[in-house]
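Engineer: Sharing a structure below in structure tokens format, with a few things to ask.
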Amino acid sequence: MSQSFVVPALITATALLISLIFVFMIYLWQRIGALEKNNLSSDPIVDAKQKGAALLGFKGKEIWDALENPSKAPVNIDELRQRYSFTLSRHIEQIIDQGQMDKQAGREAVPESDAAIGGLRGEIQSWLPPSYVARFYRIGRDSAILSDEEVAELRSEVRALVKEILERLGMSAEASGIGSLITSHTLEFRTNAADPTPDETDEGGESEQP
């Protein structure tokens with residue numbers, strides 16, 4: 001094989017190798033970019049905000065805005081109010097429950113305004129203004145350590161807040177019922193659970209004789 005043939009062959013092989021390395025690096029770069037994108041989309045914070053289905057085409061804050069400004073919503077507002085009442089009450093209960101559990105665990109983390117609320121038809125993405133979330137959370141934390149007499153004041157505060165919210169959403173007629181339901185599931189439930197039953201009292205007051 002002549003030297004005149006070897007040199008061009010080496011140059012060609014080298015150029016081909018460089019081209020292959022370049023193509024491989026481009027592939028790796030694209031692959032890394034795709035993986036980073038997938039990791040971002042699977043971030044738990046992002047998923048939490050996207051979690052929950054729509055209600056009559058509205059999700060989260062869209063539901064609140066539609067109920068607060070019904071003239072701008074092209075849907076059956078009465079049906080939206082009726083179906084959202086359960087979701088709203090469960091959302092408030094969830095915030096109060098979280099406050100109670102966080103106080104008992106020695107931590108504090110006010111929930112986000114958005115929350116996925118479960119129901120018979122699956123989860124609905126609900127939303128409450130941050131100011132209300134903070135107040136219900138604080139009520140939950142306080143109820144975990146206050147006496148029964150002091151908790152009674154919190155019940156009144158919860159009902160007043162619920163009434164204020166429902167008036168804003170055009171649901172004043174449901175205020176009394178939803179307020180009572182929420183306090184019975186959260187504040188009153190805590191009090192009742194702490195009270196000993198008659199059987200427990202009897203057992204604790206008697207001892208076996210040897």
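By order of appearance in the structure tokens: chains A, B, ..., then residues from 1 within every chain, and ligands from 1 in the order shown.
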Using DSSP secondary structure from the backbone, list all strand (DSSP E) positions within range 80-126 of chain A, as number ranges by chain.
Structural biologist: A: 114-117, 124-126
Engineer: Quick one: write out the picked residues with C-alpha atoms as an mmCIF file, in the first residue's frame?
Structural biologist:
data_model
loop_
_atom_site.group_PDB
_atom_site.id
_atom_site.type_symbol
_atom_site.label_atom_id
_atom_site.label_comp_id
_atom_site.auth_asym_id
_atom_site.auth_seq_id
_atom_site.Cartn_x
_atom_site.Cartn_y
_atom_site.Cartn_z
ATOM 1 C CA ASP A 114 -54.748 25.223 46.244
ATOM 2 C CA ALA A 115 -55.734 21.770 47.448
ATOM 3 C CA ALA A 116 -57.044 18.569 45.871
ATOM 4 C CA ILE A 117 -60.255 17.696 47.736
ATOM 5 C CA ILE A 124 -61.554 18.544 42.752
ATOM 6 C CA GLN A 125 -58.949 21.289 42.784
ATOM 7 C CA SER A 126 -60.174 23.865 45.290
#
Engineer: Contacts of Ala160 in chain A at 12 Å or less, counting only C-alpha atoms, minus same-chain residues fewer than 2 places along, as a tab-separated table (two decimals) with C-alpha atoms, in the first residue's frame?
Structural biologist:
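Output file result33.tsv is given in full below:
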chain	number	residue	atom	x	y	z
A	132	TYR	CA	-58.57	32.65	54.97
A	135	ARG	CA	-56.86	32.06	59.73
A	136	PHE	CA	-58.37	28.57	59.56
A	153	GLU	CA	-64.97	30.96	70.91
A	154	LEU	CA	-63.13	29.37	68.00
A	155	ARG	CA	-66.36	27.70	66.86
A	156	SER	CA	-67.98	31.12	66.65
A	157	GLU	CA	-64.99	32.43	64.71
A	158	VAL	CA	-65.15	29.54	62.23
A	162	VAL	CA	-67.62	30.60	56.76
A	163	LYS	CA	-70.52	33.05	56.60
A	164	GLU	CA	-68.21	35.75	55.24
A	165	ILE	CA	-66.86	33.42	52.55
A	166	LEU	CA	-70.26	32.14	51.46
A	167	GLU	CA	-71.67	35.65	51.26
A	172	SER	CA	-75.50	32.80	52.10
A	175	ALA	CA	-73.78	29.41	55.63
A	176	SER	CA	-75.41	28.15	58.81
A	178	ILE	CA	-71.94	24.43	56.38
A	179	GLY	CA	-70.53	26.30	59.39
A	180	SER	CA	-72.10	23.83	61.81
A	182	ILE	CA	-67.33	22.12	59.70
A	183	THR	CA	-67.16	22.75	63.46
Engineer: What is the distance, in Å and to one decimal place, between CA of Thr87 in chain A and CA of Gln100 in chain A?
Structural biologist: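 Atom-to-atom, CA of Thr87 in chain A and CA of Gln100 in chain A are spaced 20.1 Å apart.
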Engineer: Expressed in Å to a single decimal, how great is the separation between CA of Lys59 in chain A and CA of Asp78 in chain A?
Structural biologist: 16.6 Å
Engineer: Which neighbours of Val75 in chain A fall inside 10 Å, counting only C-alpha atoms, when residues of the same chain fewer than 4 positions from it are skipped, and could you give them as an MDAnalysis selection string?
Structural biologist: chainID A and resid 56:58 66 70:71 79:80
Engineer: List the neighbours of Arg90 in chain A out to 10 Å using only C-alpha atoms; skip same-chain residues closer than 2 positions along the sequence, and give me the result as a PDB file with N, CA and C atoms, in the first residue's frame.
Structural biologist:
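File part.pdb, as written:
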ATOM      1  N   TYR A  84     -70.107  22.726  44.563  1.00  0.00           N
ATOM      2  CA  TYR A  84     -68.878  23.182  45.214  1.00  0.00           C
ATOM      3  C   TYR A  84     -69.010  23.271  46.737  1.00  0.00           C
ATOM      4  N   SER A  85     -70.230  23.313  47.247  1.00  0.00           N
ATOM      5  CA  SER A  85     -70.419  23.490  48.690  1.00  0.00           C
ATOM      6  C   SER A  85     -69.729  22.385  49.488  1.00  0.00           C
ATOM      7  N   PHE A  86     -69.839  21.145  49.035  1.00  0.00           N
ATOM      8  CA  PHE A  86     -69.181  20.042  49.735  1.00  0.00           C
ATOM      9  C   PHE A  86     -67.657  20.174  49.652  1.00  0.00           C
ATOM     10  N   THR A  87     -67.155  20.471  48.454  1.00  0.00           N
ATOM     11  CA  THR A  87     -65.714  20.621  48.272  1.00  0.00           C
ATOM     12  C   THR A  87     -65.164  21.730  49.149  1.00  0.00           C
ATOM     13  N   LEU A  88     -65.873  22.851  49.206  1.00  0.00           N
ATOM     14  CA  LEU A  88     -65.424  23.982  50.014  1.00  0.00           C
ATOM     15  C   LEU A  88     -65.373  23.620  51.498  1.00  0.00           C
ATOM     16  N   ILE A  92     -61.954  23.517  53.965  1.00  0.00           N
ATOM     17  CA  ILE A  92     -61.778  24.229  55.234  1.00  0.00           C
ATOM     18  C   ILE A  92     -61.468  23.245  56.353  1.00  0.00           C
ATOM     19  N   GLU A  93     -62.191  22.133  56.389  1.00  0.00           N
ATOM     20  CA  GLU A  93     -61.928  21.116  57.414  1.00  0.00           C
ATOM     21  C   GLU A  93     -60.497  20.597  57.313  1.00  0.00           C
ATOM     22  N   GLN A  94     -60.017  20.405  56.107  1.00  0.00           N
ATOM     23  CA  GLN A  94     -58.670  19.891  55.896  1.00  0.00           C
ATOM     24  C   GLN A  94     -57.622  20.863  56.435  1.00  0.00           C
ATOM     25  N   ILE A  95     -57.859  22.151  56.262  1.00  0.00           N
ATOM     26  CA  ILE A  95     -56.916  23.159  56.763  1.00  0.00           C
ATOM     27  C   ILE A  95     -56.899  23.155  58.291  1.00  0.00           C
ATOM     28  N   ILE A  96     -58.092  23.109  58.908  1.00  0.00           N
ATOM     29  CA  ILE A  96     -58.163  23.080  60.369  1.00  0.00           C
ATOM     30  C   ILE A  96     -57.501  21.811  60.913  1.00  0.00           C
ATOM     31  N   ILE A 117     -59.275  18.144  46.762  1.00  0.00           N
ATOM     32  CA  ILE A 117     -60.255  17.696  47.736  1.00  0.00           C
ATOM     33  C   ILE A 117     -61.030  16.515  47.172  1.00  0.00           C
ATOM     34  N   GLY A 118     -60.984  15.393  47.882  1.00  0.00           N
ATOM     35  CA  GLY A 118     -61.654  14.192  47.406  1.00  0.00           C
ATOM     36  C   GLY A 118     -63.160  14.231  47.600  1.00  0.00           C
ATOM     37  N   GLY A 119     -63.862  13.529  46.727  1.00  0.00           N
ATOM     38  CA  GLY A 119     -65.318  13.434  46.795  1.00  0.00           C
ATOM     39  C   GLY A 119     -65.785  12.175  46.106  1.00  0.00           C
ATOM     40  N   SER A 126     -59.510  22.750  44.612  1.00  0.00           N
ATOM     41  CA  SER A 126     -60.174  23.865  45.290  1.00  0.00           C
ATOM     42  C   SER A 126     -59.157  24.958  45.605  1.00  0.00           C
ATOM     43  N   ILE A 178     -73.320  24.772  56.650  1.00  0.00           N
ATOM     44  CA  ILE A 178     -71.937  24.427  56.378  1.00  0.00           C
ATOM     45  C   ILE A 178     -71.055  24.785  57.570  1.00  0.00           C
ATOM     46  N   LEU A 181     -71.520  22.151  60.171  1.00  0.00           N
ATOM     47  CA  LEU A 181     -70.924  20.889  59.724  1.00  0.00           C
ATOM     48  C   LEU A 181     -69.405  20.909  59.930  1.00  0.00           C
ATOM     49  N   ILE A 182     -68.782  22.016  59.582  1.00  0.00           N
ATOM     50  CA  ILE A 182     -67.333  22.123  59.699  1.00  0.00           C
ATOM     51  C   ILE A 182     -66.893  22.044  61.162  1.00  0.00           C
ATOM     52  N   HIS A 185     -67.159  18.528  62.599  1.00  0.00           N
ATOM     53  CA  HIS A 185     -66.163  17.585  62.085  1.00  0.00           C
ATOM     54  C   HIS A 185     -64.757  17.882  62.583  1.00  0.00           C
TER      55      HIS A 185
END
Engineer: At what distance in Å, to one decimal, does CA of Arg159 in chain A lie from CA of Asp65 in chain A?
Structural biologist: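 That distance, rounded to one decimal, is 22.0 Å.
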Engineer: Using only C-alpha atoms, which of the listed residues (A:Ser143, A:Ser184, A:Asn69, A:Thr12) sits closest to Ser89 in chain A?
Structural biologist: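 Looking at the shortest contact to Ser89 in chain A, the residue is A:Ser184.
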